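Read through the structure below, which is laid out as structure tokens, and then see the notes.
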Amino acid sequence: MIAKKDLEHIGWLARIDLSEEDKEKYTPKLNSVLDYFSELDKADTEGVEPTYHVMPMSNVFRDDIPTGSLSQEEALSNAPKNQDGFIKAPRMM
Amino acid sequence: MYENPDGVMIGLEVHVQLNKLKTKVFCGCSTDYHNDPPNSHVCPVCLGLPGSLPVINKKAVEAAIKIGLALNCKVEEHTQFYRKNYYYPDLPKGFQITQYDFPISSGGYITIEGEDGEHRVGITRAHMEEDPGRLVHEGTIDRSKYTLIDYNRSGMALIEIVSDPDMRSPKEARRYLDKLRNIVEYLDIFDGDLEGALRVDANISIMGGQRAEIKNISSHKGAERALLFEIVRQKNVLRRGGVVVQETRHFDEAREITISMRSKEEAHDYRYFPEPDLVPLKISGWAPAIKATLPELPDSRRMRFVEQYGITDDHAKALTSELKVAIFYEDVAKKVDPKLAAVWVCDVLKGELNYRDLTVDSFKKEHMQKIIELLAGKRITEDSAVDIIRTILDKGGSPDQIVKEKGLLKVEGDIVATAAEEAIKENPQAVADFMAGKEKALNSLVGAVMKKTKGRADARTAREMLLEKLSRVSQ
Amino acid sequence: MATINELRESIHADSSEEIVAEYLERIEKSKLNAFITVSKESAILQAQKIDSQDHEGPLAGIPVAIKDNISTKGIQTTCASKILTGYIPPYDAHVIEKLKAAGAIIIGKTNMDEFAMGSSTETSFYGPTLNPWDTDRVPGGSSGGSAAAVAGGETPLSLGSDTGGSVRCPASFCGVVGLKPTYGAISRYGLISYANSLEQIGPFGSCVRDVATIFDVIAGHDPRDSTSVNREVDYSSALKNDVKGMKIGIPQEYFGEGTDKDVDRSVRDAINTLEGLGATTVDVEMPNTKYALSAYYVIAMSEASSNLARFDGMRYGLRVEDSDWHTTFSQVRAAGFGDEVKRRILLGTYALSAGYHDKYYLKALKIRTLIKQDFERAFANVDVLIAPTMPYPAFKIGEKIDDPISLFLSDVDTVPINLAGVPSISVPCGFSNGLPIGMQVIGKHFDEAAILRTAFAFEENTDFHTKQPEGY
Ligand SMILES: [Mg+2]
Ligand SMILES: [Zn+2]
């Protein structure tokens with residue numbers, strides 16, 4: 001079960017600012033889903049390997065050959081804030 | 001045995017940028033961005049645009065294996081990429097593609113000159129990952145009103161080399177960094193002269209306490225300074241009865257201090273999981289073939305130099321501590337007296353280069369060969385040789401040209417003899433004084449010879465010649 | 001609903017420009033809200049270009065609508081989210097390059113559940129898409145706009161993406177054909193990830209032949225997607241009206257207690273039809289199906305929590321007023337994502353976090369192995385599996401939106417297919433009170449030929465796919 005404090009921590013990890021109202025609203029919904037997930041506990045997975053990739057592929061590479069880049073204009077075209085060719089982010093501290 | 005009075009334990013995480021590859025690690029952007037404007041070497045992949053996907057650069061994997069082998073690591077047969085999830089403005093996807101379980105190599109070591117002689121530093125692991133972008137602050141990180149991001153660096157192939165906490169002083173840390181840089185340079189996958197090529201995070205604790213992690217160290221000297229500061233800081237905390245807390249600190253290079261970066265997120269939870277967009281690597285069989293092509297590494301080259309060229313271990317060490325210098329020396333030594341070459345490359349050229357903040361690239365091998373030939377044939381004096389080296393570095397030109405222009409060729413024996421005879425004839429008072437036992441009078445005669453030969457005579461030869469002639473006069 | 005062959009004739013008689021203009025007009029007049037962006041001018045320009053050069057491509061001059069989570073150069077791509085509103089990609093997805101090369105006209109970007117998170121197209125920032133069969137009902141999701149656009153005659157073809165049923169579910173609810181290919185059959189380059197290890201781009205059309213035609217165009221190897229598989233493709237040639245000797249497996253678990261009676265009856269009737277055409281049937285057991293939903297949602301949300309971390313307002317997308325970067329990032333994401341997306345990111349973050357990783361994420365991946373094995377066992381004895389696509393016909397708008405579990409439950413028959421990475425096609429097979437019912441034909445890895453052939457034979461011998469909603 002997720003308590004409000006857990007939700008605050010998860011919200012922080014996920015960088016989603018949660019208002020008090022959000023926390024009230026989300027907590028029961030998240031818990032009902034987690035409750036549903038407890039279904040997983042019933043499955044016997046002793047000795048079963050996890051499947052990370054459904055196709056058994058390996059060693060997919062590219063050659064070390066340049067294929068071109070976007071222009072600076074294209075690279076910055078969607079950035080809400082930029083300055084002198086840099087993307088402008090908020091202050092660090 | 002080194003006492004380690006403060007119980008210093010230092011572990012280093014070194015990020016080596018594979019900047020000699022042509023492209024980044026997961027996209028086809030060129031790595032040749034150092035002279036270009038910001039955000040001009042980016043594509044949907046390294047800019048983290050929605051929908052883009054990474055594909056592994058095969059050469060980067062080969063380079064990683066090279067590094068693993070050079071650091072005496074075990075290279076794994078099965079390796080895989082993971083996502084390390086965290087937020088930072090330089091990280092365009094909100095996660096870094098790196099390695100976690102199944103790193104490409106682990107469990108190695110390198111040997112450094114420690115506080116008490118040869119000291120082995122364990123290599124925990126050397127794994128592959130992508131470089132984040134570059135952040136630019138106006139002024140300092142803690143005072144800047146905004147942050148500027150250049151993603152040209154984003155997606156450059158990095159090898160993160162994590163050491164065991166085996167270093168016991170800032171000096172050992174610096175030696176470790178020098179040695180590590182030296183080794184990776186030998187592998188021809190890395191150009192240490194490029195900005196951001198090698199970056200260091202340092203973990204340091206004293207007296208068995210909690211460790212501080214210092215980020216943003218960009219030079220070996222910086223690492224030493226940051227660690228020295230940190231030891232003093234931690235000792236002060238303890239002296240005041242406090243406890244050193246585990247935290248991340250930022251090295252402010254200008255002020256040579258570390259600043260706490262602590263904030264409420266300090267409890268890291270990276271939520272690693274295998275990168276779904278990349279498939280695993282099965283690279284058994286690669287390592288032996290790569291090992292066979294591995295170049296000679298610094299330690300073995302050093303030993304070979306001592307043996308093959310008969311030079312001292314100190315010279316061999318100095319010559320091999322930088323790949324370019326080692327190659328330079330060896331090319332010169334093949335054509336001229338190797339011992340003389342060692343003396344002149346190590347003791348003179350390197351000093352003159354350092355003084356001018358230049359690399360050995362600024363000096364032609366042929367010029368060094370010529371200078372040593374002239375020295376070996378006693379055609380120029382040692383002073384003239386130094387003069388030639390300095391002139392080439394400061395003004396350019398070739399040894400032949402400089403010798404000619406400055407008239408540096410050593411004067412032949414009979415010219416010195418004639419000059420000595422003339423000097424004796426023209427300075428009767430000095431001769432008389434010398435005969436009367438005033439040994440200092442000889443100096444003025446030597447000076448006269450030098451004047452007559454315009455300094456090309458060797459002072460010692462002139463002196464000997466004068467003594468011989470004066471002894472005949474007195475008989 | 002015109003087929004590609006019919007359109008080819010019209011284009012030949014008139015022009016692509018006229019055809020495109022007709023579709024654009026229908027979109028403009030429509031109340032379905034199937035499109036987020038209509039690329040009117042560029043579509044006309046493309047059509048004129050095709051007309052002028054006698055393009056020989058298999059889709060020359062034919063409009064295709066694209067789900068708004070597929071990157072289109074120069075055309076806004078939003079994932080139906082506020083956070084990406086205004087984002088104009090500087091590059092085309094692999095499938096878009098393929099479509100353009102085949103002469104297709106990109107007519108617009110279709111509505112969807114925000115970031116493909118949903119089964120009803122109700123979570124879109126741009127409002128819900130309506131089901132043309134009953135505008136009080138959902139079109140299914142998450143590719144609801146793409147399915148409704150085909151069913152409503154606003155485009156002959158469209159692309160969606162299927163992470164846990166997001167092509168098949170709306171195909172079923174809207175009475176059109178939708179294909180979820182084998183994982184790796186179509187490059188995901190340019191598909192904005194929701195859950196990368198599960199999803200594939202998939203096409204919609206009004207008949208099996210059209211779906212096979214566009215599938216031929218967009219499938220195949222792409223070196224930019226490491227999970228893309230290198231195989232020769234020619235699926236159109238698999239379309240034979242012949243299922244004699246074909247062995248059909250009927251997974252009992254897919255006809256569970258939540259299945260609507262009409263759905264159960266229609267799918268069983270369809271199986272009987274195929275038997276009548278010479279196929280044989282056998283019941284198969286897939287005992288781990290009961291864990292599929294939980295495992296699927298844990299994996300999907302875990303991957304999503306990481307995939308959606310890039311939306312921070314720096315390089316693209318919504319930006320709020322700056323403070324320090326921690327706060328700014330958190331506020332951008334709070335303002336830009338809708339509730340369902342936030343909840344899934346939070347749950348995924350939780351499922352991957354220290355102390356819970358093994359209990360949720362790792363456990364789900366182990367169950368994924370068991371489910372994959374269920375399919376391997378079943379396919380050892382049969383050529384295809386047939387099951388309902390959705391347990392019931394389209395539900396009412398708002399009916400399930402406040403109860404996440406009940407919404408999840410509607411995906412019960414589609415998610416196991418994504419966990420196993422096998423292909424599945426949904427085709428219309430009946431009606432319940434005027435609402436279409438879909439059945440899915442599921443195949444082995446890369447055996448799209450078998451499911452296309454089965455679906456084609458069924459279609460050739462029934463007329464469900466020719467039915468159209470009134471007024472469209
Ligand atoms: Mg790292
Ligand atoms: Zn790039």
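Ordering of the structure tokens sets the chain letters (A, B, ...); residue numbers start at 1 within each chain; ligands are numbered from 1 in the order shown.
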
field: Contacts with ligand 1 at most 7 Å, only C-alpha atoms and all ligand atoms counted, listed as a PyMOL selection string
entry: chain B and resi 98+129+160

Using only C-alpha atoms and all ligand atoms, I'd like a table of the residues in chain A that come within 10 Å of ligand 2; for each, show the closest atom pair and its distance in Å rounded to one decimal, ordered by chain and ascending number, as a Markdown table.
| residue | atom | partner | partner_atom_place_in_ligand_line | distance |
| --- | --- | --- | --- | --- |
| A:Pro66 | CA | ligand 2 | 1 (Zn) | 9.4 |
| A:Thr67 | CA | ligand 2 | 1 (Zn) | 8.9 |
| A:Gly68 | CA | ligand 2 | 1 (Zn) | 8.1 |
| A:Ser69 | CA | ligand 2 | 1 (Zn) | 6.3 |
| A:Leu70 | CA | ligand 2 | 1 (Zn) | 8.3 |

Each chain C residue no farther than 7 Å from chain B, nearest pair in Å, only C-alpha atoms, as a tab-separated table:
residue	atom	partner	partner_atom	distance
C:Ser71	CA	B:Gly51	CA	6.7
C:Tyr189	CA	B:Ser52	CA	5.7
C:Gly190	CA	B:Gly51	CA	4.0
C:Leu191	CA	B:Gly51	CA	4.6
C:Ile192	CA	B:Gly51	CA	3.9
C:Ser193	CA	B:Gly51	CA	6.1
C:Asn196	CA	B:Pro276	CA	6.2
C:Ser197	CA	B:Pro276	CA	5.6
C:Arg224	CA	B:Val55	CA	6.3
C:Asp225	CA	B:Leu53	CA	6.1
C:Ser226	CA	B:Leu278	CA	5.8
C:Thr227	CA	B:Asp277	CA	6.6
C:Ser306	CA	B:Asn85	CA	6.7
C:Ala309	CA	B:Gly94	CA	4.7
C:Arg310	CA	B:Lys93	CA	4.2
C:Leu352	CA	B:Arg271	CA	5.3
C:Ser353	CA	B:Arg271	CA	5.3
C:Ala354	CA	B:Asp269	CA	6.3

Please save C-alpha atoms of the selected residues as a short mmCIF file (atom, residue, chain, number, x, y, z; two decimals), in the first residue's frame.
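Result written to again-v1.cif:
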data_model
loop_
_atom_site.label_atom_id
_atom_site.label_comp_id
_atom_site.auth_asym_id
_atom_site.auth_seq_id
_atom_site.Cartn_x
_atom_site.Cartn_y
_atom_site.Cartn_z
CA SER C 71 7.02 11.30 -35.98
CA TYR C 189 12.19 4.38 -35.50
CA GLY C 190 10.08 7.49 -35.06
CA LEU C 191 7.35 5.83 -33.00
CA ILE C 192 7.22 7.75 -29.73
CA SER C 193 7.72 5.07 -27.14
CA ASN C 196 9.21 -0.26 -26.22
CA SER C 197 9.50 -3.96 -25.54
CA ARG C 224 18.08 2.45 -37.10
CA ASP C 225 15.99 0.13 -34.92
CA SER C 226 18.16 -2.50 -33.19
CA THR C 227 15.09 -4.67 -32.58
CA SER C 306 11.53 5.91 -18.19
CA ALA C 309 11.34 11.10 -18.59
CA ARG C 310 12.60 13.09 -21.58
CA LEU C 352 11.13 -0.07 -10.69
CA SER C 353 12.17 1.58 -7.45
CA ALA C 354 14.55 0.20 -4.89
#

message: With only C-alpha atoms as the counted atoms, please give the residues lying no more than 8 Å from Ser302 of chain C, apart from itself and same-chain residues fewer than 5 positions off, as a ChimeraX atom specification.
response: /C:345,347-349,351-352,361

Please dump the current selection as a compact mmCIF listing (two decimals), in the first residue's frame; keep N, CA and C atoms.
# COMPACT_ATOMS: atom_id res chain seq x y z
N ILE C 345 3.00 6.83 -14.93
CA ILE C 345 4.41 7.13 -14.65
C ILE C 345 4.72 6.86 -13.18
N LEU C 347 3.18 4.84 -11.10
CA LEU C 347 3.18 3.40 -10.81
C LEU C 347 4.41 2.71 -11.38
N GLY C 348 4.81 3.12 -12.58
CA GLY C 348 6.00 2.54 -13.19
C GLY C 348 7.25 2.88 -12.41
N THR C 349 7.31 4.11 -11.94
CA THR C 349 8.44 4.54 -11.12
C THR C 349 8.50 3.68 -9.84
N ALA C 351 7.21 0.67 -9.44
CA ALA C 351 7.50 -0.74 -9.75
C ALA C 351 8.98 -0.97 -10.03
N LEU C 352 9.70 0.08 -10.42
CA LEU C 352 11.13 -0.07 -10.69
C LEU C 352 11.99 0.35 -9.50
N TYR C 361 8.54 -5.54 -11.26
CA TYR C 361 9.11 -5.54 -12.61
C TYR C 361 9.71 -6.92 -12.97

message: Using only C-alpha atoms, I'd like every residue of chain A that has an atom within 9 Å of chain B; please write them out as a PyMOL selection string.
response: chain A and resi 12-15+52-53+56-73+75-76+82-93

Write the residues of the selection above to a file with N, CA, C and O atoms, as a short mmCIF file (atom, residue, chain, number, x, y, z; two decimals), in the first residue's frame.
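Output contents, as saved in selection-v3.cif:
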data_model
loop_
_atom_site.label_atom_id
_atom_site.label_comp_id
_atom_site.auth_asym_id
_atom_site.auth_seq_id
_atom_site.Cartn_x
_atom_site.Cartn_y
_atom_site.Cartn_z
N TRP A 12 8.58 12.73 -6.51
CA TRP A 12 9.89 13.37 -6.61
C TRP A 12 10.78 12.61 -7.59
O TRP A 12 11.41 13.21 -8.46
N LEU A 13 10.82 11.28 -7.44
CA LEU A 13 11.64 10.47 -8.36
C LEU A 13 11.23 10.68 -9.81
O LEU A 13 12.06 10.70 -10.71
N ALA A 14 9.93 10.83 -10.03
CA ALA A 14 9.40 10.97 -11.39
C ALA A 14 9.35 12.43 -11.83
O ALA A 14 8.95 12.70 -12.96
N ARG A 15 9.76 13.33 -10.96
CA ARG A 15 9.70 14.76 -11.23
C ARG A 15 8.31 15.16 -11.73
O ARG A 15 8.14 15.75 -12.80
N TYR A 52 13.43 -10.17 -21.17
CA TYR A 52 13.60 -8.73 -21.40
C TYR A 52 13.33 -8.39 -22.86
O TYR A 52 12.76 -7.37 -23.18
N HIS A 53 13.80 -9.25 -23.73
CA HIS A 53 13.59 -9.04 -25.16
C HIS A 53 12.88 -10.26 -25.70
O HIS A 53 13.34 -11.38 -25.52
N PRO A 56 15.01 -13.39 -29.56
CA PRO A 56 16.35 -13.72 -29.06
C PRO A 56 17.43 -13.17 -29.98
O PRO A 56 18.11 -13.91 -30.66
N MET A 57 17.57 -11.85 -30.00
CA MET A 57 18.57 -11.24 -30.89
C MET A 57 19.78 -10.81 -30.07
O MET A 57 19.68 -10.57 -28.87
N SER A 58 20.92 -10.69 -30.74
CA SER A 58 22.10 -10.12 -30.09
C SER A 58 22.99 -9.49 -31.16
O SER A 58 22.79 -9.72 -32.36
N ASN A 59 23.96 -8.70 -30.68
CA ASN A 59 24.98 -8.11 -31.56
C ASN A 59 24.42 -7.35 -32.75
O ASN A 59 24.72 -7.67 -33.90
N VAL A 60 23.63 -6.35 -32.47
CA VAL A 60 23.18 -5.47 -33.55
C VAL A 60 24.03 -4.19 -33.45
O VAL A 60 24.02 -3.52 -32.42
N PHE A 61 24.75 -3.91 -34.50
CA PHE A 61 25.69 -2.78 -34.47
C PHE A 61 25.50 -1.86 -35.67
O PHE A 61 24.87 -2.24 -36.64
N ARG A 62 26.13 -0.70 -35.55
CA ARG A 62 26.31 0.13 -36.73
C ARG A 62 27.81 0.33 -36.93
O ARG A 62 28.61 0.17 -36.01
N ASP A 63 28.19 0.69 -38.15
CA ASP A 63 29.59 0.98 -38.42
C ASP A 63 29.90 2.40 -37.99
O ASP A 63 29.01 3.24 -37.91
N ASP A 64 31.16 2.64 -37.76
CA ASP A 64 31.59 3.96 -37.27
C ASP A 64 31.72 4.94 -38.44
O ASP A 64 32.81 5.42 -38.75
N ILE A 65 30.60 5.19 -39.07
CA ILE A 65 30.59 6.09 -40.24
C ILE A 65 29.60 7.22 -40.00
O ILE A 65 28.42 6.96 -39.72
N PRO A 66 30.05 8.47 -40.09
CA PRO A 66 29.14 9.59 -39.84
C PRO A 66 27.98 9.61 -40.84
O PRO A 66 28.17 9.37 -42.03
N THR A 67 26.78 9.87 -40.32
CA THR A 67 25.60 9.89 -41.19
C THR A 67 24.93 11.26 -41.17
O THR A 67 23.81 11.41 -41.64
N GLY A 68 25.62 12.23 -40.60
CA GLY A 68 25.08 13.59 -40.63
C GLY A 68 24.29 13.95 -39.39
O GLY A 68 23.86 13.08 -38.63
N SER A 69 24.11 15.23 -39.19
CA SER A 69 23.40 15.75 -38.02
C SER A 69 22.34 16.74 -38.48
O SER A 69 22.29 17.10 -39.65
N LEU A 70 21.52 17.17 -37.56
CA LEU A 70 20.58 18.25 -37.83
C LEU A 70 21.36 19.55 -37.92
O LEU A 70 22.46 19.66 -37.37
N SER A 71 20.79 20.54 -38.57
CA SER A 71 21.41 21.86 -38.50
C SER A 71 21.12 22.43 -37.12
O SER A 71 20.20 21.99 -36.44
N GLN A 72 21.92 23.42 -36.72
CA GLN A 72 21.68 24.03 -35.41
C GLN A 72 20.25 24.60 -35.35
O GLN A 72 19.57 24.49 -34.34
N GLU A 73 19.82 25.16 -36.46
CA GLU A 73 18.47 25.74 -36.52
C GLU A 73 17.41 24.67 -36.26
O GLU A 73 16.47 24.89 -35.49
N ALA A 75 17.91 21.84 -34.73
CA ALA A 75 18.09 21.32 -33.37
C ALA A 75 17.39 22.22 -32.35
O ALA A 75 16.89 21.74 -31.34
N LEU A 76 17.42 23.52 -32.62
CA LEU A 76 16.84 24.46 -31.66
C LEU A 76 15.38 24.80 -31.96
O LEU A 76 14.73 25.48 -31.17
N ASN A 82 16.11 29.50 -25.97
CA ASN A 82 17.51 29.29 -26.34
C ASN A 82 18.23 30.63 -26.42
O ASN A 82 17.61 31.69 -26.47
N GLN A 83 19.55 30.54 -26.41
CA GLN A 83 20.36 31.76 -26.38
C GLN A 83 21.72 31.45 -26.99
O GLN A 83 22.38 30.50 -26.57
N ASP A 84 22.12 32.20 -27.99
CA ASP A 84 23.43 32.05 -28.63
C ASP A 84 23.71 30.62 -29.08
O ASP A 84 24.83 30.14 -28.95
N GLY A 85 22.70 29.94 -29.55
CA GLY A 85 22.92 28.57 -30.03
C GLY A 85 22.81 27.53 -28.93
O GLY A 85 22.84 26.33 -29.20
N PHE A 86 22.72 27.96 -27.69
CA PHE A 86 22.56 27.03 -26.57
C PHE A 86 21.07 26.88 -26.25
O PHE A 86 20.28 27.80 -26.50
N ILE A 87 20.71 25.75 -25.68
CA ILE A 87 19.37 25.61 -25.13
C ILE A 87 19.42 26.16 -23.71
O ILE A 87 20.39 25.93 -22.98
N LYS A 88 18.40 26.92 -23.38
CA LYS A 88 18.45 27.62 -22.10
C LYS A 88 17.61 26.89 -21.06
O LYS A 88 16.40 26.74 -21.22
N ALA A 89 18.26 26.47 -20.03
CA ALA A 89 17.60 25.74 -18.95
C ALA A 89 17.57 26.63 -17.70
O ALA A 89 18.30 27.62 -17.63
N PRO A 90 16.73 26.25 -16.74
CA PRO A 90 16.67 27.07 -15.52
C PRO A 90 17.99 27.01 -14.74
O PRO A 90 18.85 26.19 -15.02
N ARG A 91 18.10 27.85 -13.75
CA ARG A 91 19.29 27.86 -12.89
C ARG A 91 19.41 26.53 -12.14
O ARG A 91 18.41 25.84 -11.91
N MET A 92 20.63 26.19 -11.76
CA MET A 92 20.84 24.89 -11.12
C MET A 92 20.44 24.92 -9.64
O MET A 92 19.96 23.93 -9.11
N MET A 93 20.75 26.02 -8.97
CA MET A 93 20.51 26.03 -7.51
C MET A 93 19.71 27.26 -7.09
O MET A 93 19.61 28.22 -7.82
#

- request: Just give me the gap between atom CA of Lys396 of chain C and atom CA of Val138 of chain C in Å, one decimal is fine.
  value: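 One can read the atom CA of Lys396 of chain C to atom CA of Val138 of chain C distance as 6.0 Å.
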
task: Using only C-alpha atoms, find which residues of chain C lie within 6 Å of chain A and jot them down as number ranges by chain.
output: C: 226, 294, 315-316, 322, 324-325, 330-331, 333-334, 365-366, 369

message: Please identify the strand (DSSP E or B) residues within segment 242-392 of chain C (assignment by DSSP from backbone atoms) and present them as a PyMOL selection string.
response: chain C and resi 247-251+280-284+324+384-388

task: Enter the distance from atom CA of Val263 of chain C to atom CA of His445 of chain C, in Å, rounded to one decimal.
output: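 Result for atom CA of Val263 of chain C versus atom CA of His445 of chain C: 26.5 Å, one decimal.
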
message: Please extract the residues of chain A with a backbone DSSP assignment of alpha helix (DSSP H) and present them as a PyMOL selection string.
response: chain A and resi 4-13+20-37+72-76

- prompt: Which is closest to Ala116 of chain C among C:Ile271, C:Val150, C:Ala300, C:Val415, if we use only C-alpha atoms?
  reply: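 Smallest separation from Ala116 of chain C among the options: C:Ala300.
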
- line: Counting only C-alpha atoms, the residue among C:Pro63, C:Gly127, C:Pro58, C:Gly178 that lies closest to Leu157 of chain C is C:Pro63

- prompt: Skipping near chain neighbours, those fewer than 6 positions away, what residues fall within 9 Å of Tyr87 of chain C using only C-alpha atoms, listed as a ChimeraX atom specification?
  reply: /A:78 /C:75-78,316-318

field: Long-range neighbours of Glu232 of chain C as a PyMOL selection string, 10 Å cut-off, only C-alpha atoms, 5 positions minimum in chain
entry: chain C and resi 216+219-221

Quick one: write out the picked residues with N, CA, C and O atoms as a PDB file, in the first residue's frame?
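Output file again.pdb is given in full below:
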ATOM      1  N   ASP C 216       2.936  -4.537 -46.433  1.00  0.00           N
ATOM      2  CA  ASP C 216       4.067  -4.807 -47.327  1.00  0.00           C
ATOM      3  C   ASP C 216       4.960  -3.566 -47.497  1.00  0.00           C
ATOM      4  O   ASP C 216       6.174  -3.678 -47.588  1.00  0.00           O
ATOM      5  N   ALA C 219       6.687  -2.739 -43.677  1.00  0.00           N
ATOM      6  CA  ALA C 219       7.458  -3.765 -42.956  1.00  0.00           C
ATOM      7  C   ALA C 219       8.859  -3.865 -43.540  1.00  0.00           C
ATOM      8  O   ALA C 219       9.129  -3.376 -44.629  1.00  0.00           O
ATOM      9  N   GLY C 220       9.718  -4.516 -42.794  1.00  0.00           N
ATOM     10  CA  GLY C 220      11.067  -4.768 -43.291  1.00  0.00           C
ATOM     11  C   GLY C 220      12.125  -4.133 -42.417  1.00  0.00           C
ATOM     12  O   GLY C 220      11.845  -3.309 -41.547  1.00  0.00           O
ATOM     13  N   HIS C 221      13.339  -4.536 -42.684  1.00  0.00           N
ATOM     14  CA  HIS C 221      14.451  -4.174 -41.803  1.00  0.00           C
ATOM     15  C   HIS C 221      14.817  -2.698 -41.880  1.00  0.00           C
ATOM     16  O   HIS C 221      14.783  -2.088 -42.936  1.00  0.00           O
TER      17      HIS C 221
END

task: Could you jot down the atom CA of Ala432 of chain B to atom CA of Ala417 of chain B separation for me, Å, one decimal place?
output: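 Those two atoms sit 19.6 Å apart.
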
Can you write out as a Markdown table which residues of segment 159-213 of chain B fall within 7 Å of segment 219-229 of chain B, alongside each residue's closest atom pair and its distance in Å to one decimal, counting only C-alpha atoms and ordering rows by chain and ascending residue number?
| residue | atom | partner | partner_atom | distance |
| --- | --- | --- | --- | --- |
| B:Pro170 | CA | B:Glu224 | CA | 4.9 |
| B:Lys171 | CA | B:Glu224 | CA | 6.4 |
| B:Ala173 | CA | B:Glu224 | CA | 6.8 |
| B:Arg174 | CA | B:His220 | CA | 5.6 |
| B:Leu177 | CA | B:His220 | CA | 6.3 |
